[in-house]
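Have a look at entry.pdb below; it lists PDB, C-alpha atoms.
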```
ATOM      1  CA  MET A   1      94.879  48.497  69.075
ATOM      2  CA  THR A   2      92.449  49.788  71.729
ATOM      3  CA  LEU A   3      90.260  51.262  68.992
ATOM      4  CA  ARG A   4      90.361  47.956  67.100
ATOM      5  CA  LEU A   5      89.346  46.033  70.228
ATOM      6  CA  LYS A   6      86.506  48.495  70.802
ATOM      7  CA  GLN A   7      85.245  47.974  67.249
ATOM      8  CA  ILE A   8      85.348  44.194  67.603
ATOM      9  CA  SER A   9      83.540  44.288  70.927
ATOM     10  CA  GLY A  10      80.902  46.683  69.556
ATOM     11  CA  THR A  11      80.068  44.245  66.748
ATOM     12  CA  TRP A  12      80.094  41.298  69.142
ATOM     13  CA  PHE A  13      77.887  43.112  71.646
ATOM     14  CA  PHE A  14      75.364  43.927  68.945
ATOM     15  CA  PHE A  15      75.232  40.311  67.764
ATOM     16  CA  ILE A  16      75.048  38.892  71.320
ATOM     17  CA  PHE A  17      72.346  41.426  72.216
ATOM     18  CA  MET A  18      70.252  40.331  69.214
ATOM     19  CA  ALA A  19      70.808  36.630  70.006
ATOM     20  CA  MET A  20      69.718  37.206  73.610
ATOM     21  CA  LEU A  21      66.699  39.191  72.463
ATOM     22  CA  TYR A  22      65.601  36.209  70.353
ATOM     23  CA  PHE A  23      66.313  33.859  73.266
ATOM     24  CA  LEU A  24      64.047  35.888  75.567
ATOM     25  CA  LEU A  25      61.439  36.297  72.844
ATOM     26  CA  PHE A  26      61.279  32.527  72.461
ATOM     27  CA  PHE A  27      59.840  32.316  75.991
ATOM     28  CA  ILE A  28      57.716  35.477  75.854
ATOM     29  CA  ASN A  29      56.260  35.142  72.349
ATOM     30  CA  PRO A  30      57.370  31.885  70.648
ATOM     31  CA  SER A  31      55.346  32.386  67.462
ATOM     32  CA  LEU A  32      56.876  35.846  66.848
ATOM     33  CA  CYS A  33      60.345  34.438  67.501
ATOM     34  CA  ILE A  34      59.841  31.542  65.071
ATOM     35  CA  SER A  35      58.332  33.784  62.340
ATOM     36  CA  SER A  36      61.298  36.146  62.634
ATOM     37  CA  LEU A  37      63.786  33.253  62.512
ATOM     38  CA  ILE A  38      62.115  31.844  59.381
ATOM     39  CA  PHE A  39      62.464  35.284  57.756
ATOM     40  CA  PHE A  40      66.102  35.417  58.917
ATOM     41  CA  ARG A  41      66.818  31.962  57.415
ATOM     42  CA  GLN A  42      65.261  32.927  54.058
ATOM     43  CA  ILE A  43      67.539  35.973  53.744
ATOM     44  CA  LEU A  44      70.607  34.051  54.907
ATOM     45  CA  ILE A  45      70.202  31.219  52.371
ATOM     46  CA  LYS A  46      70.003  33.716  49.499
ATOM     47  CA  ILE A  47      72.948  35.776  50.706
ATOM     48  CA  ILE A  48      75.557  32.972  51.170
ATOM     49  CA  PRO A  49      76.453  32.434  47.450
ATOM     50  CA  ILE A  50      76.877  36.200  46.976
ATOM     51  CA  PHE A  51      79.174  36.266  50.000
ATOM     52  CA  VAL A  52      81.448  33.662  48.403
ATOM     53  CA  PHE A  53      81.594  35.611  45.153
ATOM     54  CA  VAL A  54      82.363  38.898  46.953
ATOM     55  CA  TRP A  55      85.125  37.194  48.942
ATOM     56  CA  PHE A  56      86.686  36.084  45.649
ATOM     57  CA  LEU A  57      86.426  39.652  44.267
ATOM     58  CA  MET A  58      88.058  41.042  47.398
ATOM     59  CA  VAL A  59      90.970  38.601  47.169
ATOM     60  CA  ILE A  60      91.606  39.743  43.587
ATOM     61  CA  ALA A  61      91.323  43.432  44.563
ATOM     62  CA  ASN A  62      93.623  43.013  47.583
ATOM     63  CA  TYR A  63      96.189  41.153  45.514
ATOM     64  CA  PHE A  64      96.431  43.656  42.679
ATOM     65  CA  ILE A  65      95.506  47.002  44.281
ATOM     66  CA  THR A  66      96.910  47.806  47.706
ATOM     67  CA  PRO A  67      96.104  51.056  49.591
ATOM     68  CA  LYS A  68      99.857  51.822  49.613
ATOM     69  CA  PHE A  69      99.895  51.652  45.825
ATOM     70  CA  VAL A  70      96.833  53.944  45.664
ATOM     71  CA  PHE A  71      98.189  56.584  48.035
ATOM     72  CA  LYS A  72     101.464  56.724  46.103
ATOM     73  CA  TYR A  73      99.479  58.226  43.229
ATOM     74  CA  PHE A  74      97.973  61.003  45.375
ATOM     75  CA  ASP A  75     101.132  62.948  44.660
ATOM     76  CA  LYS A  76     100.377  63.030  40.948
ATOM     77  CA  ASN A  77      98.247  65.717  39.343
ATOM     78  CA  GLY A  78      95.236  65.800  37.008
ATOM     79  CA  VAL A  79      93.177  62.770  36.010
ATOM     80  CA  ASN A  80      95.368  60.367  37.994
ATOM     81  CA  LYS A  81      94.679  62.278  41.199
ATOM     82  CA  TRP A  82      90.885  62.043  40.701
ATOM     83  CA  LEU A  83      91.163  58.390  39.736
ATOM     84  CA  PHE A  84      93.122  57.517  42.826
ATOM     85  CA  ALA A  85      90.909  59.611  45.110
ATOM     86  CA  VAL A  86      88.058  57.419  43.781
ATOM     87  CA  ILE A  87      89.959  54.131  44.234
ATOM     88  CA  GLY A  88      91.378  55.215  47.609
ATOM     89  CA  GLY A  89      87.881  56.025  48.859
ATOM     90  CA  ILE A  90      86.511  52.678  47.716
ATOM     91  CA  LEU A  91      89.400  50.727  49.289
ATOM     92  CA  SER A  92      89.447  52.583  52.595
ATOM     93  CA  GLU A  93      88.104  50.653  55.577
ATOM     94  CA  GLY A  94      86.704  51.558  58.996
ATOM     95  CA  PRO A  95      84.526  54.412  60.285
ATOM     96  CA  ILE A  96      84.660  57.720  58.407
ATOM     97  CA  TYR A  97      85.968  59.718  61.398
ATOM     98  CA  MET A  98      89.105  57.533  61.494
ATOM     99  CA  TRP A  99      90.058  58.970  58.102
ATOM    100  CA  TYR A 100      89.673  62.660  59.021
ATOM    101  CA  PRO A 101      93.201  62.971  60.542
ATOM    102  CA  LEU A 102      94.836  61.331  57.501
ATOM    103  CA  LEU A 103      92.861  63.562  55.126
ATOM    104  CA  ALA A 104      93.805  66.632  57.180
ATOM    105  CA  ASP A 105      97.429  65.551  56.830
ATOM    106  CA  LEU A 106      97.058  65.053  53.071
ATOM    107  CA  ARG A 107      95.520  68.542  52.869
ATOM    108  CA  LYS A 108      98.767  69.971  54.214
ATOM    109  CA  LYS A 109     100.607  68.098  51.446
ATOM    110  CA  GLY A 110      98.554  69.736  48.681
ATOM    111  CA  PHE A 111      95.542  67.424  48.507
ATOM    112  CA  ASN A 112      92.815  70.036  47.930
ATOM    113  CA  TYR A 113      89.273  70.059  49.361
ATOM    114  CA  GLY A 114      87.792  68.689  46.133
ATOM    115  CA  PHE A 115      89.912  65.537  46.318
ATOM    116  CA  VAL A 116      89.062  65.110  50.017
ATOM    117  CA  ALA A 117      85.333  65.365  49.208
ATOM    118  CA  CYS A 118      85.744  62.903  46.318
ATOM    119  CA  PHE A 119      87.603  60.459  48.577
ATOM    120  CA  LEU A 120      84.915  60.690  51.293
ATOM    121  CA  TYR A 121      82.079  60.241  48.788
ATOM    122  CA  ASN A 122      83.613  57.053  47.414
ATOM    123  CA  ARG A 123      83.804  55.537  50.883
ATOM    124  CA  ALA A 124      80.116  54.849  50.264
ATOM    125  CA  ILE A 125      81.021  52.152  47.716
ATOM    126  CA  LYS A 126      82.156  49.119  49.682
ATOM    127  CA  LEU A 127      82.869  45.567  48.486
ATOM    128  CA  PRO A 128      81.906  43.843  51.785
ATOM    129  CA  VAL A 129      78.367  45.285  51.645
ATOM    130  CA  LEU A 130      77.755  43.893  48.142
ATOM    131  CA  PRO A 131      76.098  40.610  49.260
ATOM    132  CA  ALA A 132      73.251  42.410  51.044
ATOM    133  CA  ALA A 133      73.057  45.149  48.402
ATOM    134  CA  ILE A 134      72.812  42.653  45.527
ATOM    135  CA  TYR A 135      70.345  40.459  47.383
ATOM    136  CA  TYR A 136      67.917  43.343  47.827
ATOM    137  CA  PHE A 137      68.517  45.385  44.671
ATOM    138  CA  GLY A 138      70.130  43.138  42.057
ATOM    139  CA  TRP A 139      73.399  43.349  40.104
ATOM    140  CA  LYS A 140      72.173  45.790  37.479
ATOM    141  CA  TYR A 141      70.939  48.360  39.982
ATOM    142  CA  ILE A 142      74.083  48.183  42.152
ATOM    143  CA  LEU A 143      76.378  48.481  39.130
ATOM    144  CA  ILE A 144      74.504  51.526  37.768
ATOM    145  CA  LEU A 145      74.344  53.113  41.244
ATOM    146  CA  ALA A 146      78.092  52.597  41.806
ATOM    147  CA  LEU A 147      78.983  54.133  38.416
ATOM    148  CA  ILE A 148      76.713  57.145  38.972
ATOM    149  CA  MET A 149      78.099  57.621  42.471
ATOM    150  CA  ILE A 150      81.648  57.667  41.101
ATOM    151  CA  ILE A 151      80.606  60.379  38.611
ATOM    152  CA  ALA A 152      78.796  62.225  41.447
ATOM    153  CA  SER A 153      81.913  62.035  43.637
ATOM    154  CA  ILE A 154      84.042  63.778  41.004
ATOM    155  CA  SER A 155      81.260  66.334  40.389
ATOM    156  CA  GLN A 156      81.135  67.029  44.115
ATOM    157  CA  GLY A 157      84.909  67.468  44.189
ATOM    158  CA  VAL A 158      84.759  69.992  41.343
ATOM    159  CA  ILE A 159      81.843  71.847  43.021
ATOM    160  CA  ILE A 160      83.700  71.981  46.359
ATOM    161  CA  ASN A 161      86.813  73.330  44.626
ATOM    162  CA  LYS A 162      84.703  76.086  43.026
ATOM    163  CA  LEU A 163      82.942  76.895  46.310
ATOM    164  CA  ILE A 164      86.078  76.930  48.452
ATOM    165  CA  LYS A 165      88.822  78.845  46.770
ATOM    166  CA  GLU A 166      92.088  78.286  48.503
ATOM    167  CA  LYS A 167      95.760  78.912  48.237
ATOM    168  CA  LEU A 168      97.814  75.765  48.660
TER     169      LEU A 168
ATOM    170  CA  MET B   1      98.245  35.881  47.380
ATOM    171  CA  LYS B   2      98.116  34.366  50.888
ATOM    172  CA  GLU B   3      98.088  37.876  52.356
ATOM    173  CA  ALA B   4      95.287  38.913  49.975
ATOM    174  CA  ILE B   5      93.212  35.879  51.027
ATOM    175  CA  ILE B   6      93.747  36.601  54.746
ATOM    176  CA  LYS B   7      92.899  40.290  54.302
ATOM    177  CA  ALA B   8      89.716  39.544  52.319
ATOM    178  CA  THR B   9      88.622  36.886  54.834
ATOM    179  CA  LYS B  10      89.268  39.235  57.777
ATOM    180  CA  SER B  11      87.280  42.052  56.129
ATOM    181  CA  LEU B  12      84.295  39.788  55.498
ATOM    182  CA  VAL B  13      84.437  38.133  58.936
ATOM    183  CA  LYS B  14      84.527  41.600  60.492
ATOM    184  CA  VAL B  15      81.228  42.517  58.822
ATOM    185  CA  LEU B  16      79.696  39.035  59.092
ATOM    186  CA  LEU B  17      78.546  39.404  62.714
ATOM    187  CA  LEU B  18      77.241  42.866  61.966
ATOM    188  CA  ILE B  19      75.340  41.532  58.946
ATOM    189  CA  LEU B  20      73.919  38.597  60.924
ATOM    190  CA  GLY B  21      72.933  40.915  63.792
ATOM    191  CA  THR B  22      71.329  43.391  61.402
ATOM    192  CA  ILE B  23      69.403  40.671  59.558
ATOM    193  CA  LEU B  24      68.183  39.349  62.936
ATOM    194  CA  PHE B  25      67.096  42.896  63.828
ATOM    195  CA  VAL B  26      65.393  43.518  60.476
ATOM    196  CA  SER B  27      63.686  40.093  60.574
ATOM    197  CA  LEU B  28      62.171  40.957  63.939
ATOM    198  CA  LEU B  29      61.296  44.486  62.862
ATOM    199  CA  THR B  30      59.649  43.267  59.646
ATOM    200  CA  THR B  31      57.566  40.752  61.597
ATOM    201  CA  VAL B  32      56.509  43.239  64.310
ATOM    202  CA  VAL B  33      56.163  46.570  62.490
ATOM    203  CA  PRO B  34      53.165  46.861  60.153
ATOM    204  CA  GLU B  35      53.896  47.524  56.485
ATOM    205  CA  SER B  36      52.153  50.891  56.723
ATOM    206  CA  PHE B  37      54.741  52.247  59.183
ATOM    207  CA  TYR B  38      57.364  53.346  56.636
ATOM    208  CA  THR B  39      54.855  54.265  53.974
ATOM    209  CA  ARG B  40      53.257  56.937  56.196
ATOM    210  CA  PHE B  41      56.283  59.196  55.625
ATOM    211  CA  PHE B  42      55.930  58.989  51.854
ATOM    212  CA  ASN B  43      53.042  60.261  49.728
ATOM    213  CA  LYS B  44      53.769  58.705  46.278
ATOM    214  CA  ASN B  45      55.047  62.029  44.869
ATOM    215  CA  ILE B  46      58.513  61.086  43.583
ATOM    216  CA  ILE B  47      60.060  64.531  44.183
ATOM    217  CA  PHE B  48      58.684  64.799  47.733
ATOM    218  CA  ASP B  49      59.485  61.150  48.465
ATOM    219  CA  SER B  50      63.081  61.431  47.250
ATOM    220  CA  PHE B  51      63.499  64.502  49.475
ATOM    221  CA  ILE B  52      62.091  62.621  52.479
ATOM    222  CA  GLY B  53      64.277  59.581  51.644
ATOM    223  CA  GLY B  54      67.311  61.886  51.540
ATOM    224  CA  ILE B  55      66.388  63.519  54.869
ATOM    225  CA  ILE B  56      65.877  60.172  56.658
ATOM    226  CA  GLY B  57      69.164  58.857  55.211
ATOM    227  CA  SER B  58      71.027  62.030  56.238
ATOM    228  CA  ILE B  59      70.017  61.915  59.890
ATOM    229  CA  SER B  60      70.551  58.162  60.179
ATOM    230  CA  ALA B  61      73.874  56.751  61.235
ATOM    231  CA  GLY B  62      75.486  53.368  60.909
ATOM    232  CA  THR B  63      77.326  51.100  58.555
ATOM    233  CA  PRO B  64      76.176  50.992  54.885
ATOM    234  CA  ILE B  65      75.088  47.369  55.269
ATOM    235  CA  ILE B  66      72.217  48.460  57.536
ATOM    236  CA  SER B  67      71.046  51.027  54.975
ATOM    237  CA  TYR B  68      70.858  48.383  52.221
ATOM    238  CA  ILE B  69      68.918  45.972  54.413
ATOM    239  CA  LEU B  70      66.505  48.677  55.617
ATOM    240  CA  GLY B  71      66.218  50.117  52.097
ATOM    241  CA  GLY B  72      65.426  46.675  50.705
ATOM    242  CA  GLU B  73      62.653  46.193  53.232
ATOM    243  CA  MET B  74      61.282  49.703  52.508
ATOM    244  CA  LEU B  75      61.185  48.778  48.831
ATOM    245  CA  LYS B  76      59.206  45.617  49.603
ATOM    246  CA  GLN B  77      56.719  47.778  51.506
ATOM    247  CA  GLY B  78      55.901  49.779  48.415
ATOM    248  CA  ILE B  79      58.152  52.818  48.745
ATOM    249  CA  SER B  80      59.420  54.025  45.369
ATOM    250  CA  LEU B  81      62.899  53.037  44.165
ATOM    251  CA  ILE B  82      63.827  56.723  43.757
ATOM    252  CA  ALA B  83      63.001  57.478  47.412
ATOM    253  CA  VAL B  84      64.836  54.356  48.599
ATOM    254  CA  THR B  85      67.882  55.220  46.435
ATOM    255  CA  ALA B  86      67.977  58.772  47.848
ATOM    256  CA  PHE B  87      67.779  57.212  51.329
ATOM    257  CA  LEU B  88      70.674  54.801  50.578
ATOM    258  CA  VAL B  89      72.926  57.424  49.014
ATOM    259  CA  ALA B  90      72.256  60.036  51.731
ATOM    260  CA  TRP B  91      72.890  57.420  54.439
ATOM    261  CA  VAL B  92      76.401  56.760  53.175
ATOM    262  CA  THR B  93      77.405  60.202  51.887
ATOM    263  CA  VAL B  94      75.776  62.714  54.250
ATOM    264  CA  GLY B  95      76.875  62.700  57.872
ATOM    265  CA  PHE B  96      75.018  65.271  59.950
ATOM    266  CA  ILE B  97      75.903  63.318  63.096
ATOM    267  CA  GLN B  98      79.631  63.423  62.252
ATOM    268  CA  LEU B  99      79.402  67.098  61.226
ATOM    269  CA  PRO B 100      81.007  68.483  64.445
ATOM    270  CA  ALA B 101      84.032  66.150  64.134
ATOM    271  CA  GLU B 102      84.360  66.834  60.404
ATOM    272  CA  SER B 103      84.154  70.622  61.034
ATOM    273  CA  ILE B 104      86.883  70.550  63.673
ATOM    274  CA  ILE B 105      89.334  68.439  61.668
ATOM    275  CA  LEU B 106      88.666  69.458  58.065
ATOM    276  CA  GLY B 107      87.143  72.918  58.533
ATOM    277  CA  LYS B 108      83.599  74.203  59.127
ATOM    278  CA  LYS B 109      83.111  75.637  55.631
ATOM    279  CA  PHE B 110      84.242  72.417  53.967
ATOM    280  CA  ALA B 111      82.105  70.210  56.240
ATOM    281  CA  ILE B 112      78.941  72.263  55.640
ATOM    282  CA  TRP B 113      79.389  72.513  51.855
ATOM    283  CA  ARG B 114      80.341  68.837  51.559
ATOM    284  CA  ASN B 115      77.285  67.641  53.463
ATOM    285  CA  LEU B 116      74.888  70.041  51.722
ATOM    286  CA  SER B 117      76.155  69.127  48.255
ATOM    287  CA  ALA B 118      76.072  65.422  49.168
ATOM    288  CA  PHE B 119      72.420  65.790  50.181
ATOM    289  CA  VAL B 120      71.478  67.476  46.885
ATOM    290  CA  LEU B 121      73.522  64.877  44.983
ATOM    291  CA  SER B 122      71.709  62.026  46.778
ATOM    292  CA  ILE B 123      68.461  63.135  45.102
ATOM    293  CA  ILE B 124      70.127  63.678  41.697
ATOM    294  CA  VAL B 125      71.877  60.284  41.917
ATOM    295  CA  ALA B 126      68.561  58.635  42.836
ATOM    296  CA  PHE B 127      66.778  60.063  39.768
ATOM    297  CA  ALA B 128      69.702  59.294  37.427
ATOM    298  CA  THR B 129      70.040  55.694  38.697
ATOM    299  CA  VAL B 130      66.364  54.867  38.311
ATOM    300  CA  LEU B 131      66.181  56.610  34.931
ATOM    301  CA  ILE B 132      69.148  54.640  33.537
ATOM    302  CA  LEU B 133      67.878  51.430  35.148
ATOM    303  CA  ASN B 134      64.593  51.849  33.283
ATOM    304  CA  LEU B 135      66.411  52.520  30.002
ATOM    305  CA  VAL B 136      68.776  49.521  30.026
TER     306      VAL B 136
END
```
Could you render the structure as C-alpha cells?
Amino acid sequence: MTLRLKQISGTWFFFIFMAMLYFLLFFINPSLCISSLIFFRQILIKIIPIFVFVWFLMVIANYFITPKFVFKYFDKNGVNKWLFAVIGGILSEGPIYMWYPLLADLRKKGFNYGFVACFLYNRAIKLPVLPAAIYYFGWKYILILALIMIIASISQGVIINKLIKEKL
Amino acid sequence: MKEAIIKATKSLVKVLLLILGTILFVSLLTTVVPESFYTRFFNKNIIFDSFIGGIIGSISAGTPIISYILGGEMLKQGISLIAVTAFLVAWVTVGFIQLPAESIILGKKFAIWRNLSAFVLSIIVAFATVLILNLV
C-alpha cells in the first residue's frame, strides 16, 4: 500500500512540477510557454483516439486473460511455458524491480533462468504505452517491432539457458 | 466485464498523468533544444548509430512511454529509424541502473548475461524491424 501511494505521488509530483514550470515560464518567457503549449496540444489531439482504442483492447485482454490464468501455466513444460512467459511478461504491471522477488520465488519452483529472461524481456511490450508509440511510429512499425521482440525474448531465453547451465 | 473495465481504466489513468507530464516536458524540450543537439551523437553510419542508440537507451531509465516520446522526437530530427529502434529496445530491455538489484535477487551471472545479451539483441532487433518494415 505504501509502495502504491509512493508511485501515485511520484507521478503526481512529476505532473505538478511540469505544470508549475509552465506557469512560471508564462511570466518569464510567455512566447516560449505558448509555443510549447501549442506543440503539446497538437500531440494531445492526435493521441486521444488511440487512447480510446487501447482502452478497449485492454478491457478485452483483462476480461479474457488474467495474470492468475497465465501464472497457472508456468507449471507446465515445453512450448506452453515459453508462451506463458511471453504473455506473463506482457501482462505484468509496475516497475521491473517489483517483479524480481516473485521471479526469484518462481526460480525455486523450477522456473529456469531462460524463462525469467524471457519474462523480463516481454515486460517491454506494454498495452498502455501503445497510444504514444503508435502516434510516433505507426501501427505497422509497432506490430513488427512487437513480433520481433517476442521472437528475441525466446531467443534470449534459449541463449541464457545455454550460457548458465544449472541443476534444478 | 465490470472488473475488466475498471482494471483497464485504472491502468490507463495511472499512466495518463505520466504521459501528460512527459508530453509537457518533451514539448518544452523540443521548443528549447536545437534540432542539432541529438544529431551530434550520430554520424549517419547505421552500424555506429545503432550502437550509440543502444548505449543511450541502456543507460537511460524510466517508463517505456518516455522512450517512445523521446524516440519519436529523435526521429523527427533526422536520426535513422535503426538507431531510434535500438534506443527504444535497449531502453526497455537493458537495465544497467537496476543491475545491482537484479544481481542481488536473481544472481550476478544471470544479471550480467541478461543485460549484455539484451544490449546485443537491441541492435539485432533494430535491424530486423527496419528490414521487415521496408519489405512489407
Chain B contacts on chain A, all atoms listed in the file, 8 Å, as a tab-separated table (two decimals) with C-alpha atoms, keeping the file's coordinate frame:
```
chain	number	residue	atom	x	y	z
A	8	ILE	CA	85.35	44.19	67.60
A	11	THR	CA	80.07	44.24	66.75
A	12	TRP	CA	80.09	41.30	69.14
A	14	PHE	CA	75.36	43.93	68.94
A	15	PHE	CA	75.23	40.31	67.76
A	18	MET	CA	70.25	40.33	69.21
A	19	ALA	CA	70.81	36.63	70.01
A	32	LEU	CA	56.88	35.85	66.85
A	33	CYS	CA	60.34	34.44	67.50
A	35	SER	CA	58.33	33.78	62.34
A	36	SER	CA	61.30	36.15	62.63
A	37	LEU	CA	63.79	33.25	62.51
A	39	PHE	CA	62.46	35.28	57.76
A	40	PHE	CA	66.10	35.42	58.92
A	43	ILE	CA	67.54	35.97	53.74
A	55	TRP	CA	85.12	37.19	48.94
A	58	MET	CA	88.06	41.04	47.40
A	59	VAL	CA	90.97	38.60	47.17
A	60	ILE	CA	91.61	39.74	43.59
A	62	ASN	CA	93.62	43.01	47.58
A	63	TYR	CA	96.19	41.15	45.51
A	97	TYR	CA	85.97	59.72	61.40
A	100	TYR	CA	89.67	62.66	59.02
A	101	PRO	CA	93.20	62.97	60.54
A	103	LEU	CA	92.86	63.56	55.13
A	104	ALA	CA	93.80	66.63	57.18
A	113	TYR	CA	89.27	70.06	49.36
A	117	ALA	CA	85.33	65.36	49.21
A	120	LEU	CA	84.92	60.69	51.29
A	121	TYR	CA	82.08	60.24	48.79
A	123	ARG	CA	83.80	55.54	50.88
A	124	ALA	CA	80.12	54.85	50.26
A	128	PRO	CA	81.91	43.84	51.78
A	129	VAL	CA	78.37	45.28	51.64
A	132	ALA	CA	73.25	42.41	51.04
A	133	ALA	CA	73.06	45.15	48.40
A	136	TYR	CA	67.92	43.34	47.83
A	137	PHE	CA	68.52	45.38	44.67
A	140	LYS	CA	72.17	45.79	37.48
A	141	TYR	CA	70.94	48.36	39.98
A	144	ILE	CA	74.50	51.53	37.77
A	145	LEU	CA	74.34	53.11	41.24
A	148	ILE	CA	76.71	57.14	38.97
A	149	MET	CA	78.10	57.62	42.47
A	152	ALA	CA	78.80	62.22	41.45
A	156	GLN	CA	81.14	67.03	44.12
A	160	ILE	CA	83.70	71.98	46.36
A	163	LEU	CA	82.94	76.90	46.31
A	164	ILE	CA	86.08	76.93	48.45
```
**Request:** Take CA of Ser60 (chain B) and CA of Ser80 (chain B) and report the distance between them in Å, one decimal.
**Result:**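 Those two atoms sit 19.0 Å apart.
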**Asked** If we count only C-alpha atoms, what is near Phe53 (chain A) at a cut-off of 10 Å, once residues fewer than 5 positions away on the same chain are taken out, given as a VMD selection string?
**Response** chain A and resid 48 58 130 to 131
**Request:** For Trp82 (chain A), please output as an MDAnalysis selection string all residues within 8 Å (counting all atoms listed in the file; exclusion window: fewer than 5 positions along the same chain).
**Result:** chainID A and resid 115 118 154
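Note that CA of Trp139 (chain A) and CA of Val52 (chain A) are 15.1 Å apart.
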**Request:** Take CA of Ile59 (chain B) and CA of Phe41 (chain B) and report the distance between them in Å, one decimal.
**Result:**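 These two atoms are separated by 14.6 Å.
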Test item: axis-aligned box, all listed atoms of region 26-44 of chain A, 6 Å on each side, centre and edges in Å rounded to one decimal, as AutoDock Vina command-line options:
```
--center_x 63.0 --center_y 33.8 --center_z 64.9 --size_x 27.3 --size_y 16.6 --size_z 34.2
```
**Item:** Selection result for the PyMOL selection byres ((chain B and resi 51) around 12) on this file, as number ranges by chain
**Value:** B: 41-50, 52-58, 80, 82-87, 89-90, 119-124, 126-127
